[in-house]
Amino acid sequence: MAQSWQSATGTHKAGSWAERLGGKQTWLGLADMGVIGLVMLVVIMMVLPLPARVLDFLLAGNISFSLLILALSMNVRHVLDLSAFPTILLVATLFRLALNVSSTRLILLHGYAGEVINAFGHFVVGGNYVVGAVVFLILVIIQFVVITRGAERVAEVAARFTLDAMPGKQMSIDADLNAGIIDEDQARARRAAVEREADFYGAMDGASKFVKGDAIAGIIITVINILAGFVVGLLQQGLSLAEALQRYTLLTVGDGLVAQIPALLVSTATGVIVTRAAAENNLGREVSRQLTADPQVLAVAATTLGLLGLVPGLPKLSFLTLAGLLGGIAYVLHRQTPLPAGATGTAGTGRARTLAPATVAGGSGAKEAAATGERSSEESDILAHLQVDPFELNLGYSLLPLVDNSSGGDLLTRISAIRRRLAWDLGFVVPPIRIRDSVELRPNEYRFLLRGVEVARGELLLDRLLAMNPGSQEAPPGGVETKEPAFGLPAWWVRTEDREKLETSGFTVVEPAAVLATHLTETLRSCAGQLLDRQEIRRLLDALRENYPAVVDEVTQVATLGDLQKVMQGLLAENVSCRDLVTILETVADTARQTKDPVALVQAVRLALRRQITRALLTEDGLLPAITLSPRGERYLLESLQAAPGGGQLPAIDPQELRQLAERLRTPVQQAAQEGVQPVLLVSAELRYPLRQLLERSFPHLAVLAYSEVAPGISVKSYGMVVWPDEG
């Protein structure tokens, strides 16, 4: 029984939801058909005559629709809440003009166009066609000269300013995305909102012309109707001039009023929409909040009105009534305004005031608490500015189009791809890159900051391309000599139209964005060890724990996050990827039980990763290009090793000998480079780290490898032996 009851209940609920969903879809379908039917009705009204009763209904519906549009425009909080307004404006204008055509047909054919037009012609203007014509002209002037022209100008300026502000808004969104403040879905939604806003104001700039054209058309139609009414009344109906003037002018003025009043409402709605750019609430709340924000201003206005009411000859009742009303509002608002923190209430006044919680304990305590709160807020602002971004890209103002999607800039996309590639190559996620414009740079300059300190700088010409030819030093025609920023190669800035010719001549031609992206990639690689912080290591361990909990638990028992950071930084400093994190952690867990020396830990991990390290250094034919050191030189260096302050050992040799060693090493390195090969220096395991430290400044990209780190089965191709300086 219980099962059958639950089943029946579930079926009932499902049916309810299905019915509700079906009802919603039916309503949406009816709404779609209603809009289509309205457009079809406009076409029918242009061609076929309508009965007077139907025209009455449509005219009343037009007034109601215009009131609805005005109410909606005043109630929206953001313009995109009524994004269909330009299209609504077009349909409403077309519908109003179709009503003019139908009413004109009835007026000229029958001298009668329904009760609505008749009421506006007789009751609203008192049956006086002169008064009616004046009222009609005043309405047209208000709409055409004041509201329509103002709305048109505001829409034009708003469209231009919105389009001009798009790059800045998109840069702000991309900067928040790069900083990790928002995710990609939020950034995509915000970009779509910016684009929709620009599209809306662009459409409103054009749609405001509908309102202007509607006002002009109303005047022309009215004049035509009056003239045509004279002709029909005098020549076809046999009426006298006075009778024709009375009948057809009143009908025409009534028709004009019926058309212009909704047009005036829609024009007002247009002006309200295009002037709501900075609003946070609907129009009523915005106006009431801002007009009553300062009770003192209301009190001044009430005093002024009261003084005017005392002037002899002016109507005292009107001015004094308004003065009393504003004064009462100012008094009520003044009583409702809470006292500032630190204030005390007035005893014996009988008035209740809202006190800050800190004032309950007494005046001095309140002041101290208020001062503490202000100081805390100020300190929070200062501390927020003291935080340094891990990595930052500064751009001169001429380079800002690189990050502007609307101008074709794809630097942000390139940076996202770079971060994904480096995560794959290095084994950790590079922190978000903050992008800022900087007045400290020249217009075409950029720079990279590592934790607030400049590490690299370059210059780009956006209207040119960078051409390089490693096999020749001949400058291309019309090229501006420069240096390729990432590797320091000779290069030239060339015209874009010369690209095909230069590529045919053997030059490598790249775009400015690609130059910046390459420089950024190499800079991030060289700074990878300094970008890896302990928080990132914690995230890596947490992600690895899901599949390798035993490894993570064991290594965290014998090594701290600082130990792991030093090991991984040592690997990254020599371009060794940390992707095989399991092997790294297992090796550290085994070695850290005997020693916590970072150099020894790095050496142990390198030995465990020797296949990976060797594989990354092989040539295309699978050989390891190597340069060796003479046995006498190795022995001399080993005998000179001394303990270094930061761990490990360094050889204590004469600077002149080190300079000569670097010069002798440079020759085989350059010979290998001419063959397109980056050789490695093979030495003994005890000498590998000290020698790498010695040669890092002279050969930053030279890999120093221990014999034991060469994976089994790898063939070595020698590019020479470096002898010690005193060997001759």
# chains A, B, ... in the order shown; residues from 1 in each chain; ligands from 1
$ residues_around --residues "Tyr707 of chain A" --least-positions-apart "4" --cutoff "8 Å" --atoms "only C-alpha atoms" --output "list in words"
Leu682, Val683, Ser684 and Ala685 of chain A
$ residues_around --residues "Val723 of chain A" --least-positions-apart "3" --cutoff "12 Å" --atoms "only C-alpha atoms" --output "list in words"
Ile627, Thr628, Leu629, Ser630, Pro631, Arg632, Gly633, Glu634, Arg635, Tyr636, Glu657, Gln660, Leu661, Ala662, Glu663, Arg664, Leu665, Thr667, Pro668, Gly720, Asp726, Glu727 and Gly728 of chain A
$ residues_around --residues "Gly254 of chain A" --least-positions-apart "3" --cutoff "6 Å" --atoms "only C-alpha atoms" --output "number ranges by chain"
A: 117, 120-121, 250-251, 257
$ closest_atom_pairs --of "segment 418-478 of chain A" --to "segment 397-408 of chain A" --cutoff "7 Å" --atoms "only C-alpha atoms" --output "CSV"
residue,atom,partner,partner_atom,distance
A:Asp437,CA,A:Tyr397,CA,6.3
A:Pro443,CA,A:Ser398,CA,4.9
A:Asn444,CA,A:Ser398,CA,5.6
$ select_by_dssp --residues "segment 424-535 of chain A" --states "strand (DSSP E or B)" --output "PyMOL selection string"
chain A and resi 433-437+445-450+453-459+464-468+480-483+490-495+508-510
$ residues_around --residues "Phe136 of chain A" --least-positions-apart "2" --cutoff "8 Å" --atoms "only C-alpha atoms" --output "list in words"
Gly132, Ala133, Val134, Ile138, Leu139, Val140, Val253, Gly256, Leu257 and Gln260 of chain A
$ residues_around --residues "segment 528-542 of chain A" --least-positions-apart "6" --cutoff "8 Å" --atoms "only C-alpha atoms" --output "ChimeraX atom specification"
/A:390-391,426,428-431,552,561-562,564-565,568-573
$ closest_residue --among "A:Ala616, A:Leu108, A:Leu58, A:Ala323" --to "Val232 of chain A" --atoms "only C-alpha atoms"
A:Leu108
